[in-house]
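Colleague: input07.cif (mmCIF, C-alpha atoms) pasted underneath:
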data_final
#
loop_
_atom_site.label_atom_id
_atom_site.label_comp_id
_atom_site.auth_asym_id
_atom_site.auth_seq_id
_atom_site.Cartn_x
_atom_site.Cartn_y
_atom_site.Cartn_z
CA MET A 1 -22.81 23.20 21.54
CA MET A 2 -24.93 25.11 19.09
CA PRO A 3 -26.02 22.96 16.15
CA LEU A 4 -24.62 23.87 12.75
CA PHE A 5 -28.02 23.99 11.04
CA ARG A 6 -30.34 25.95 13.30
CA THR A 7 -33.25 28.35 13.15
CA SER A 8 -33.86 31.19 15.54
CA PHE A 9 -37.31 32.44 16.50
CA GLU A 10 -39.05 34.43 19.15
CA VAL A 11 -41.80 33.25 21.41
CA GLU A 12 -44.20 35.69 22.95
CA GLY A 13 -46.58 34.93 25.80
CA LEU A 14 -47.45 35.70 29.38
CA ALA A 15 -44.97 33.16 30.76
CA PRO A 16 -42.70 32.58 27.83
CA TYR A 17 -40.29 30.37 29.74
CA ARG A 18 -43.05 27.83 30.07
CA ALA A 19 -42.72 27.52 26.31
CA LEU A 20 -39.28 26.09 26.99
CA ASP A 21 -40.82 23.38 29.15
CA LYS A 22 -43.35 22.68 26.48
CA LEU A 23 -40.62 22.08 23.95
CA ALA A 24 -38.43 20.14 26.36
CA THR A 25 -41.19 17.70 27.24
CA ARG A 26 -41.71 17.07 23.53
CA GLY A 27 -38.04 16.17 23.14
CA ILE A 28 -36.93 19.36 21.44
CA SER A 29 -33.77 20.93 22.77
CA VAL A 30 -33.48 24.70 22.66
CA PHE A 31 -30.27 26.64 22.43
CA GLY A 32 -29.14 30.16 23.15
CA VAL A 33 -32.25 31.29 24.98
CA GLN A 34 -32.34 35.03 25.60
CA LYS A 35 -34.99 37.02 27.39
CA LEU A 36 -35.81 40.03 25.24
CA SER A 37 -38.63 41.27 27.41
CA PRO A 38 -40.80 39.94 30.24
CA THR A 39 -43.05 38.38 27.63
CA ARG A 40 -40.64 37.56 24.84
CA LEU A 41 -37.90 34.99 24.52
CA LYS A 42 -35.53 34.37 21.65
CA MET A 43 -34.24 30.87 21.18
CA ARG A 44 -32.83 28.48 18.62
CA VAL A 45 -33.64 24.92 17.65
CA LYS A 46 -32.30 22.55 15.05
CA SER A 47 -33.65 23.56 11.67
CA LYS A 48 -35.13 20.11 11.03
CA GLU A 49 -37.22 20.46 14.20
CA MET A 50 -38.77 23.80 13.29
CA GLN A 51 -41.85 22.17 11.81
CA LYS A 52 -42.39 20.34 15.07
CA VAL A 53 -42.10 23.64 16.94
CA PHE A 54 -44.88 25.15 14.85
CA ALA A 55 -46.98 22.09 15.44
CA ILE A 56 -46.42 22.27 19.20
CA PHE A 57 -47.32 25.95 19.45
CA SER A 58 -50.20 25.91 17.03
CA GLY A 59 -53.42 26.63 18.88
CA SER A 60 -51.54 27.60 22.02
CA CYS A 61 -51.30 30.95 23.73
CA TYR A 62 -47.80 31.45 22.45
CA THR A 63 -46.94 33.39 19.35
CA VAL A 64 -43.95 32.34 17.30
CA THR A 65 -42.43 35.13 15.25
CA LYS A 66 -39.36 36.11 13.34
CA VAL A 67 -38.17 32.78 12.13
CA ARG A 68 -34.65 33.00 10.68
CA ARG A 69 -32.24 30.37 9.55
CA GLU A 70 -28.81 30.76 11.12
CA SER A 71 -27.06 27.98 9.31
CA PHE A 72 -23.37 28.57 8.83
CA SER A 73 -23.61 31.87 10.69
CA ARG A 74 -20.83 30.89 13.05
CA LEU A 75 -18.70 29.69 10.21
CA ARG A 76 -19.29 32.93 8.34
CA ALA A 77 -18.50 34.95 11.44
CA ALA A 78 -15.27 32.98 11.99
CA LEU A 79 -14.23 33.50 8.38
CA LEU A 80 -14.86 37.21 8.63
CA ARG A 81 -12.80 37.40 11.78
CA ARG A 82 -9.86 35.64 10.11
CA PRO A 83 -9.86 36.53 6.42
CA GLY A 84 -6.24 35.48 5.92
CA ALA A 85 -6.86 31.98 7.28
CA ALA A 86 -10.02 31.73 5.21
CA ALA A 87 -8.15 32.73 2.05
CA ALA A 88 -5.36 30.24 2.80
CA ALA A 89 -7.88 27.47 3.36
CA LEU A 90 -9.57 28.31 0.07
CA VAL A 91 -6.27 28.30 -1.82
CA PHE A 92 -5.37 24.96 -0.25
CA LEU A 93 -8.68 23.45 -1.29
CA LEU A 94 -8.28 24.72 -4.84
CA VAL A 95 -4.74 23.37 -5.10
CA ALA A 96 -5.80 20.02 -3.68
CA ALA A 97 -8.75 19.81 -6.03
CA PHE A 98 -7.08 20.96 -9.23
CA GLY A 99 -3.38 20.46 -8.56
CA SER A 100 -3.57 16.78 -9.33
CA ALA A 101 -4.72 17.66 -12.83
CA PHE A 102 -1.18 18.86 -13.61
CA VAL A 103 1.97 16.88 -14.34
CA PHE A 104 4.88 17.64 -12.05
CA ARG A 105 7.13 14.62 -12.67
CA VAL A 106 7.79 11.96 -15.31
CA GLU A 107 9.19 8.54 -14.44
CA VAL A 108 10.36 5.92 -16.92
CA VAL A 109 10.41 2.30 -15.77
CA GLY A 110 10.80 -1.13 -17.38
CA SER A 111 13.54 -2.98 -19.20
CA ALA A 112 13.97 -0.07 -21.60
CA ALA A 113 14.09 2.57 -18.88
CA TYR A 114 17.55 3.56 -20.08
CA ARG A 115 15.85 5.09 -23.12
CA ARG A 116 14.46 7.86 -20.97
CA ASP A 117 15.50 10.63 -23.34
CA ALA A 118 13.63 9.08 -26.24
CA ALA A 119 10.59 8.51 -24.04
CA GLU A 120 10.53 12.11 -22.84
CA ALA A 121 10.88 13.35 -26.41
CA CYS A 122 7.86 11.26 -27.44
CA LEU A 123 5.85 12.60 -24.52
CA SER A 124 6.78 16.18 -25.32
CA ARG A 125 5.82 15.85 -28.99
CA ALA A 126 2.49 14.31 -28.00
CA GLY A 127 1.73 17.12 -25.55
CA VAL A 128 2.51 15.52 -22.18
CA ARG A 129 4.86 17.95 -20.45
CA ILE A 130 5.78 18.92 -16.93
CA PHE A 131 3.82 21.83 -15.38
CA LEU A 132 1.04 21.45 -17.92
CA PRO A 133 -2.41 19.90 -17.40
CA TYR A 134 -2.53 16.19 -18.14
CA ASP A 135 -4.38 15.25 -21.31
CA ALA A 136 -5.48 11.63 -21.72
CA ALA A 137 -5.65 11.97 -25.51
CA ALA A 138 -2.08 13.25 -25.56
CA ALA A 139 -1.05 10.26 -23.43
CA ASP A 140 -2.61 7.90 -25.99
CA ARG A 141 -0.67 9.61 -28.77
CA ALA A 142 2.50 9.28 -26.73
CA GLU A 143 1.87 5.57 -26.23
CA ARG A 144 1.53 5.01 -29.97
CA GLU A 145 4.71 6.93 -30.63
CA LEU A 146 6.60 5.01 -27.95
CA LEU A 147 5.50 1.70 -29.44
CA ALA A 148 6.95 2.82 -32.76
CA LEU A 149 10.43 3.08 -31.22
CA PRO A 150 12.77 0.33 -32.44
CA GLY A 151 12.96 -2.66 -30.14
CA ILE A 152 10.03 -1.60 -27.95
CA VAL A 153 7.39 -4.30 -27.54
CA PHE A 154 5.30 -2.69 -24.78
CA ALA A 155 4.62 0.93 -23.86
CA GLU A 156 2.21 2.40 -21.34
CA VAL A 157 1.64 5.94 -20.08
CA LYS A 158 -0.22 6.27 -16.78
CA LYS A 159 -0.81 9.12 -14.40
CA SER A 160 -1.11 8.80 -10.66
CA GLY A 161 -1.48 12.03 -8.74
CA THR A 162 0.93 14.44 -10.36
CA VAL A 163 3.38 11.79 -11.59
CA VAL A 164 3.29 10.35 -15.09
CA THR A 165 4.83 6.87 -15.25
CA VAL A 166 6.03 5.55 -18.60
CA THR A 167 6.56 1.79 -18.75
CA LEU A 168 8.80 0.66 -21.57
CA GLU A 169 9.66 -2.96 -22.28
CA GLU A 170 12.05 -4.02 -25.02
CA GLU A 171 12.38 -7.25 -26.90
CA GLU A 172 14.39 -9.92 -25.20
CA SER A 173 16.50 -11.77 -27.77
CA THR A 174 17.54 -15.25 -26.65
CA PRO A 175 21.05 -16.20 -27.80
CA PRO A 176 21.17 -19.43 -29.85
CA PRO A 177 22.56 -22.50 -28.09
CA SER A 178 26.20 -23.17 -28.81
CA TYR A 179 27.08 -26.52 -30.30
CA ALA A 180 30.48 -28.05 -30.80
CA ARG A 181 31.30 -28.05 -34.44
CA SER A 182 33.67 -31.04 -34.82
CA LEU A 183 34.62 -34.33 -33.16
CA TYR A 184 38.26 -34.74 -32.17
CA ALA A 185 40.19 -37.87 -31.14
CA PRO A 186 40.84 -37.95 -27.38
CA CYS A 187 43.83 -40.23 -27.86
CA ALA A 188 45.96 -41.89 -30.52
CA GLY A 189 44.87 -45.27 -31.81
CA ARG A 190 42.97 -47.10 -34.47
CA VAL A 191 39.41 -46.18 -35.38
CA GLU A 192 37.22 -49.14 -34.63
CA GLU A 193 33.86 -47.54 -35.52
CA ILE A 194 32.64 -44.08 -36.54
CA VAL A 195 29.04 -42.91 -36.94
CA ALA A 196 28.19 -39.38 -38.12
CA LEU A 197 24.51 -38.31 -38.02
CA ARG A 198 25.43 -34.76 -38.90
CA GLY A 199 28.67 -33.34 -40.18
CA THR A 200 31.26 -35.01 -42.43
CA PRO A 201 33.45 -37.96 -41.23
CA LEU A 202 37.08 -37.39 -42.04
CA VAL A 203 38.36 -40.89 -41.12
CA LYS A 204 37.02 -44.40 -41.53
CA ALA A 205 37.17 -47.61 -39.54
CA GLY A 206 40.68 -48.99 -39.49
CA ASP A 207 42.44 -45.64 -39.86
CA GLU A 208 45.19 -44.78 -37.44
CA VAL A 209 44.58 -41.44 -35.77
CA SER A 210 46.61 -39.24 -33.48
CA GLU A 211 45.44 -37.46 -30.36
CA GLY A 212 43.47 -34.31 -31.21
CA GLN A 213 42.96 -35.25 -34.84
CA GLU A 214 39.63 -34.10 -36.29
CA LEU A 215 37.47 -37.16 -36.85
CA VAL A 216 34.19 -35.53 -37.96
CA GLY A 217 34.09 -32.04 -39.49
CA GLY A 218 31.40 -29.41 -38.79
CA PHE A 219 30.41 -28.94 -42.43
CA TYR A 220 28.66 -30.64 -45.29
CA VAL A 221 28.84 -30.43 -49.02
CA THR A 222 25.70 -29.37 -50.83
CA GLU A 223 24.45 -30.86 -54.05
CA ASP A 224 26.04 -28.12 -56.09
CA GLY A 225 29.41 -28.68 -54.44
CA GLN A 226 29.25 -25.79 -51.96
CA THR A 227 30.51 -26.28 -48.42
CA ALA A 228 28.02 -25.28 -45.71
CA GLN A 229 28.84 -24.91 -42.04
CA THR A 230 26.95 -26.90 -39.45
CA PHE A 231 27.55 -28.63 -36.15
CA SER A 232 28.42 -32.32 -35.87
CA VAL A 233 26.39 -35.05 -34.27
CA ALA A 234 28.65 -38.13 -34.22
CA ARG A 235 30.33 -40.81 -32.13
CA CYS A 236 33.49 -42.86 -32.56
CA SER A 237 35.36 -45.67 -30.81
CA ILE A 238 39.12 -45.90 -30.93
CA ILE A 239 41.30 -48.87 -29.94
CA ALA A 240 44.32 -47.44 -28.19
CA SER A 241 47.42 -48.90 -26.58
CA VAL A 242 48.53 -47.32 -23.32
CA THR A 243 51.77 -48.09 -21.48
CA GLY A 244 52.87 -47.16 -18.00
CA GLU A 245 55.32 -48.12 -15.29
CA TYR A 246 54.59 -48.52 -11.59
CA ALA A 247 57.02 -49.15 -8.76
CA SER A 248 56.34 -51.49 -5.88
CA PRO A 249 58.47 -52.73 -2.99
CA GLU A 250 57.29 -56.27 -3.56
CA ARG A 251 56.64 -58.66 -6.36
CA SER A 252 53.24 -60.14 -5.84
CA PRO A 253 49.89 -60.75 -7.65
CA GLN A 254 48.39 -57.90 -5.65
CA ALA A 255 51.09 -55.51 -6.75
CA LEU A 256 50.48 -56.61 -10.34
CA ARG A 257 46.75 -56.02 -10.06
CA ASP A 258 47.37 -52.63 -8.50
CA ALA A 259 49.66 -51.65 -11.37
CA VAL A 260 47.06 -52.69 -13.96
CA ALA A 261 44.28 -50.84 -12.09
CA ALA A 262 46.31 -47.66 -11.83
CA LEU A 263 47.01 -47.58 -15.55
CA SER A 264 43.43 -48.39 -16.52
CA LEU A 265 42.24 -45.47 -14.37
CA ARG A 266 44.63 -43.19 -16.17
CA ALA A 267 43.80 -44.50 -19.63
CA GLY A 268 40.02 -44.43 -19.24
CA GLY A 269 37.77 -46.46 -21.50
CA GLU A 270 37.14 -50.19 -21.57
CA VAL A 271 40.17 -52.49 -21.00
CA LEU A 272 40.35 -55.15 -23.71
CA SER A 273 43.68 -56.81 -22.76
CA SER A 274 46.69 -56.21 -20.55
CA GLN A 275 50.32 -57.17 -20.63
CA VAL A 276 52.69 -56.79 -17.66
CA GLN A 277 56.44 -57.15 -17.46
CA VAL A 278 58.24 -56.98 -14.09
CA ARG A 279 61.84 -56.09 -13.51
CA ALA A 280 63.84 -55.59 -10.40
CA GLU A 281 65.18 -52.15 -9.82
CA GLY A 282 67.05 -51.11 -6.74
CA GLU A 283 65.36 -52.51 -3.69
CA GLY A 284 61.96 -52.85 -5.36
CA PHE A 285 60.32 -53.83 -8.58
CA VAL A 286 59.01 -51.98 -11.58
CA TYR A 287 55.85 -53.16 -13.27
CA GLU A 288 55.66 -52.21 -16.95
CA VAL A 289 51.99 -52.39 -17.90
CA THR A 290 50.62 -52.22 -21.42
CA LEU A 291 46.87 -51.98 -21.85
CA ARG A 292 44.73 -52.22 -24.96
CA VAL A 293 41.60 -50.10 -24.35
CA ARG A 294 38.52 -49.06 -26.26
CA VAL A 295 37.90 -45.35 -25.91
CA ARG A 296 34.56 -43.98 -26.98
CA CYS A 297 33.98 -40.34 -27.83
CA SER A 298 31.06 -38.34 -29.15
CA VAL A 299 29.92 -34.81 -29.96
CA ASN A 300 26.42 -33.34 -29.39
CA LEU A 301 25.12 -36.76 -28.33
CA MET B 1 -14.82 12.94 36.39
CA ARG B 2 -12.60 12.92 39.45
CA LEU B 3 -14.88 15.23 41.41
CA TYR B 4 -17.82 12.93 40.90
CA GLU B 5 -15.80 9.91 41.94
CA GLU B 6 -14.77 11.63 45.15
CA LEU B 7 -18.33 12.63 45.93
CA LEU B 8 -19.67 9.15 45.32
CA ALA B 9 -16.89 7.67 47.37
CA ARG B 10 -17.82 9.83 50.35
CA LEU B 11 -21.59 9.63 50.09
CA GLY B 12 -21.94 6.13 48.85
CA PRO B 13 -23.88 4.86 45.83
CA GLU B 14 -27.28 6.22 46.77
CA GLU B 15 -30.07 5.79 44.34
CA ASP B 16 -30.77 9.49 44.29
CA LEU B 17 -27.27 10.29 43.23
CA ALA B 18 -27.18 7.66 40.53
CA PHE B 19 -30.67 8.06 39.14
CA GLY B 20 -32.76 11.19 38.96
CA GLY B 21 -31.06 13.15 41.66
CA ALA B 22 -30.52 16.82 41.10
CA LYS B 23 -27.00 17.57 40.05
CA VAL B 24 -25.46 20.96 39.61
CA VAL B 25 -22.02 21.65 38.27
CA LEU B 26 -20.94 25.21 38.75
CA TYR B 27 -18.04 26.92 37.05
CA ALA B 28 -18.00 29.93 39.25
CA GLY B 29 -18.61 33.13 37.38
CA ARG B 30 -18.90 31.41 34.00
CA CYS B 31 -21.61 28.81 33.69
CA ALA B 32 -23.63 26.19 35.46
CA PHE B 33 -24.89 22.80 34.38
CA PHE B 34 -28.10 21.36 35.78
CA GLU B 35 -29.25 17.78 35.46
CA ASN B 36 -32.74 16.32 35.86
CA VAL B 37 -34.52 19.62 35.29
CA LYS B 38 -38.29 19.17 35.15
CA SER B 39 -39.30 22.70 34.27
CA ILE B 40 -38.31 26.36 34.41
CA ARG B 41 -40.20 28.35 37.01
CA ASP B 42 -38.94 31.69 35.89
CA PHE B 43 -36.13 33.07 33.88
CA SER B 44 -34.48 36.42 33.38
CA SER B 45 -31.05 37.68 32.64
CA GLN B 46 -30.46 38.06 36.38
CA GLY B 47 -31.75 34.75 37.62
CA ILE B 48 -33.43 31.46 36.85
CA THR B 49 -35.47 29.15 39.02
CA LEU B 50 -35.52 25.51 38.06
CA GLN B 51 -37.89 22.84 39.25
CA LEU B 52 -35.98 19.66 39.77
CA ARG B 53 -37.32 16.24 40.61
CA ARG B 54 -36.70 16.96 44.21
CA GLY B 55 -36.84 20.62 45.10
CA GLN B 56 -36.00 23.81 43.36
CA VAL B 57 -32.76 25.46 42.54
CA ARG B 58 -32.17 29.10 41.86
CA ALA B 59 -29.18 30.52 40.09
CA GLU B 60 -28.44 34.21 40.05
CA GLY B 61 -25.99 36.33 38.26
CA GLU B 62 -25.64 38.71 35.35
CA LYS B 63 -26.36 38.39 31.67
CA LEU B 64 -27.64 34.90 32.12
CA ARG B 65 -28.59 32.91 29.08
CA ILE B 66 -29.91 29.42 28.61
CA GLU B 67 -27.32 27.94 26.32
CA ARG B 68 -29.10 24.62 26.00
CA TYR B 69 -32.21 23.10 27.48
CA GLY B 70 -33.56 19.71 26.62
CA GLY B 71 -33.62 16.11 27.77
CA GLY B 72 -33.66 17.21 31.39
CA ASP B 73 -30.35 19.04 31.09
CA LEU B 74 -29.88 22.77 31.20
CA VAL B 75 -26.72 24.73 30.57
CA LEU B 76 -26.73 28.24 31.91
CA THR B 77 -24.06 30.63 30.74
CA GLY B 78 -23.18 34.10 31.81
CA LYS B 79 -21.83 35.44 35.05
CA VAL B 80 -23.29 32.87 37.42
CA LEU B 81 -22.64 34.24 40.86
CA ARG B 82 -24.63 31.96 43.13
CA VAL B 83 -26.67 28.78 43.13
CA GLU B 84 -29.14 28.14 45.90
CA VAL B 85 -31.20 25.12 46.80
CA LEU B 86 -34.59 26.59 47.70
CA GLU B 87 -36.45 23.61 49.06
CA GLU B 88 -36.33 19.93 48.78
CA LYS B 89 -39.51 18.01 48.29
CA ASP B 90 -40.71 15.42 45.84
CA THR B 91 -42.80 16.65 42.91
#
Take the structure in this file and express it as structure tokens.
Modeller:
Amino acid sequence: MMPLFRTSFEVEGLAPYRALDKLATRGISVFGVQKLSPTRLKMRVKSKEMQKVFAIFSGSCYTVTKVRRESFSRLRAALLRRPGAAAAALVFLLVAAFGSAFVFRVEVVGSAAYRRDAAEACLSRAGVRIFLPYDAAAADRAERELLALPGIVFAEVKKSGTVVTVTLEEEESTPPPSYARSLYAPCAGRVEEIVALRGTPLVKAGDEVSEGQELVGGFYVTEDGQTAQTFSVARCSIIASVTGEYASPERSPQALRDAVAALSLRAGGEVLSSQVQVRAEGEGFVYEVTLRVRVRCSVNL
Amino acid sequence: MRLYEELLARLGPEEDLAFGGAKVVLYAGRCAFFENVKSIRDFSSQGITLQLRRGQVRAEGEKLRIERYGGGDLVLTGKVLRVEVLEEKDT
């Protein structure tokens, strides 16, 4: 195959083909050898070896004439044979080289991506538009304008290829924790103890309360008599009396213990004392159990 | 090259074939490839005589042109009509 960068020359001498041997023995390959006359040959060598050729033939009986560079000659000839393909290749190269300088699409990403319209409006005012060349200074202006949008904490405009990507992040507001405002009695009974670290106690030790009654209110009274809302931090213990009946086929200590255990499970809290009355009913017995329990309750503790 | 493999299979791995032996590949009417060429005895558009390591080879045809010559290899293009082994002796 003919080298891309080559030089053609003519060698004249009595036996010009011996010049080929001379070059071959010196490691120089020749290409496209043509016999122009009995004493003249035309041949080609790699352009970078031309100096060596002159050195080899200097002082010899051969005359080297008509040196001409033929670099790109084949390429030029091919282009001239196919001008349409050459033009298409040139257009492709130009589009590939300069096409990426244009903007063909805009993408908006991030937590505020739903504000695409506002983002595109900012880009357009700054000078970043589709089908126009991309301008870095205009992108900086667009970034500043995007950051000025309400709720936006981060904005970035970047270009990759022909796509401009706008990253918009908005402020994430964390909802405040919800606290119970008041403390309510879980059962009816007598208040044994009440402690309120925050909020206002509405009952005191010794008061009888009903189930669901507010024990500590979620408010406080300021120095100037105003009522301010807050959440309560308090605990309370109530002594309650719970009664229940349980049927059993037998009358025995075990059945009595079972009746007491069943009611204490239902009542909850700490059992302080128990009272049981048994009566016969039908073929079995009914255990009437009365328990005195301490029930503790608290809010935000 | 399948042709080479067949030739070597028939003739055996002789040293001459593997190293330094004269090899000619002829694409009839189109070109010829010569290996282990020592020098060119004569050359014209109608014929070329090559001195190989062992013997000489002459190729004749029309509009012959040395496409490439170097490193002991020679590619002859043109209408190569015949290739003849002239004599075989060591040089």
Colleague: Hey, what's within 9 Å of Ser100 of chain A if we count only C-alpha atoms and toss same-chain stuff fewer than 6 positions away? As a list in words, please?
Modeller: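 Once the adjacent positions are removed, what remains is Pro133, Tyr134, Ser160, Gly161, Thr162 and Val163 of chain A.
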Colleague: Which residue out of B:Leu86, B:Cys31, B:Leu26, B:Val75 has the minimum interatomic distance to chain A when only C-alpha atoms are used?
Modeller: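 Smallest distance to chain A is found for B:Val75.
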Colleague: Per residue of chain B within 10 Å of chain A, which atom pair is closest and at what distance in Å (one decimal), using only C-alpha atoms, listed by chain and increasing number, as a tab-separated table?
Modeller:
residue	atom	partner	partner_atom	distance
B:Val37	CA	A:Asp21	CA	9.6
B:Lys38	CA	A:Asp21	CA	7.8
B:Ser39	CA	A:Asp21	CA	5.4
B:Ile40	CA	A:Tyr17	CA	6.5
B:Arg41	CA	A:Arg18	CA	7.5
B:Asp42	CA	A:Tyr17	CA	6.4
B:Phe43	CA	A:Tyr17	CA	6.5
B:Ser44	CA	A:Lys35	CA	6.0
B:Ser45	CA	A:Lys35	CA	6.6
B:Ile48	CA	A:Tyr17	CA	9.9
B:Lys63	CA	A:Gln34	CA	9.2
B:Leu64	CA	A:Gln34	CA	8.0
B:Arg65	CA	A:Gln34	CA	5.5
B:Ile66	CA	A:Val33	CA	4.7
B:Glu67	CA	A:Gly32	CA	4.3
B:Arg68	CA	A:Phe31	CA	4.3
B:Tyr69	CA	A:Val30	CA	5.2
B:Gly70	CA	A:Ser29	CA	4.0
B:Gly71	CA	A:Gly27	CA	6.4
B:Gly72	CA	A:Ala24	CA	7.5
B:Asp73	CA	A:Ser29	CA	9.2
B:Leu74	CA	A:Ser29	CA	9.5
B:Val75	CA	A:Phe31	CA	9.1
B:Leu76	CA	A:Gly32	CA	9.3
B:Thr77	CA	A:Gly32	CA	9.1
Colleague: Taking 2 positions as the minimum chain separation for residues in the same chain, which residues sit within 7 Å of Pro201 of chain A when counting all atoms listed in the file? Answer as a PyMOL selection string.
Modeller: chain A and resi 196+199+203+215-217
Colleague: Could you state the separation of atom CA of Arg82 of chain B and atom CA of Gly47 of chain B in Å, given to one decimal place?
Modeller: 9.4 Å
Colleague: Calculate how many Å separate atom CA of Ala255 of chain A from atom CA of Tyr287 of chain A, rounding to one decimal.
Modeller: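 Distance between the two atoms: 8.4 Å.
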Colleague: Emit as lines of an AutoDock Vina configuration file the padded axis-aligned box for all listed atoms of segment 277-289 of chain A, 3 Å per side, with centre and edge lengths in Å to one decimal.
Modeller:
center_x = 59.5
center_y = -54.1
center_z = -10.8
size_x = 21.1
size_y = 12.0
size_z = 20.2
Colleague: On this structure, the PyMOL selection byres ((chain A and resi 69) around 8) would catch which residues? List them as a PyMOL selection string, sorted by chain and number.
Modeller: chain A and resi 5-8+47+67-68+70-71
Colleague: With a distance cut-off of 10 Å and all atoms listed in the file, select the neighbouring residues of Arg105 of chain A, excluding the residue or stretch itself and same-chain residues fewer than 2 positions from it, and output the selection as a PDB file with C-alpha atoms, in the coordinates of the input.
Modeller:
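Wrote around_13.pdb, looks like this:
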ATOM      1  CA  PHE A 102      -1.180  18.860 -13.610  1.00  0.00           C
ATOM      2  CA  VAL A 103       1.970  16.880 -14.340  1.00  0.00           C
ATOM      3  CA  GLU A 107       9.190   8.540 -14.440  1.00  0.00           C
ATOM      4  CA  ARG A 129       4.860  17.950 -20.450  1.00  0.00           C
ATOM      5  CA  ILE A 130       5.780  18.920 -16.930  1.00  0.00           C
ATOM      6  CA  PHE A 131       3.820  21.830 -15.380  1.00  0.00           C
ATOM      7  CA  LYS A 159      -0.810   9.120 -14.400  1.00  0.00           C
ATOM      8  CA  GLY A 161      -1.480  12.030  -8.740  1.00  0.00           C
ATOM      9  CA  THR A 162       0.930  14.440 -10.360  1.00  0.00           C
ATOM     10  CA  VAL A 163       3.380  11.790 -11.590  1.00  0.00           C
ATOM     11  CA  VAL A 164       3.290  10.350 -15.090  1.00  0.00           C
ATOM     12  CA  THR A 165       4.830   6.870 -15.250  1.00  0.00           C
TER      13      THR A 165
END
Colleague: Translate the PyMOL selection byres ((chain B and resi 80) around 7) into a concrete residue list for this structure, as a VMD selection string.
Modeller: chain B and resid 28 to 32 59 to 62 78 to 79 81 to 82
Colleague: Care to translate the PyMOL selection byres ((chain A and resi 198) around 7) into actual residues of this file, as a PyMOL selection string?
Modeller: chain A and resi 196-197+199-200+232-234
Colleague: For the atom pair atom CA of Glu192 of chain A and atom CA of Cys236 of chain A, what is the interatomic distance in Å to one decimal place?
Modeller: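 Between these atoms lies a distance of 7.6 Å.
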Colleague: Name the residues in contact with Tyr184 of chain A at a cut-off of 9 Å, using only C-alpha atoms, excluding same-chain residues fewer than 6 positions from it; report them as a ChimeraX atom specification.
Modeller: /A:211-217,297-299
Colleague: For segment 276-278 of chain A, work out the shell of residues within 7 Å, counting all atoms listed in the file and skipping chain neighbours fewer than 2 positions away, then give it as a list in words.
Modeller: Ser274, Ala280, Phe285, Val286, Tyr287, Glu288, Val289 and Thr290 of chain A
Colleague: Next, write the just-selected residues to a file, as a compact mmCIF listing (two decimals), in the frame of the given file, keeping C-alpha atoms as the atom set.
Modeller:
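File produced: selection05.txt:
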# COMPACT_ATOMS: atom_id res chain seq x y z
CA SER A 274 46.69 -56.21 -20.55
CA ALA A 280 63.84 -55.59 -10.40
CA PHE A 285 60.32 -53.83 -8.58
CA VAL A 286 59.01 -51.98 -11.58
CA TYR A 287 55.85 -53.16 -13.27
CA GLU A 288 55.66 -52.21 -16.95
CA VAL A 289 51.99 -52.39 -17.90
CA THR A 290 50.62 -52.22 -21.42
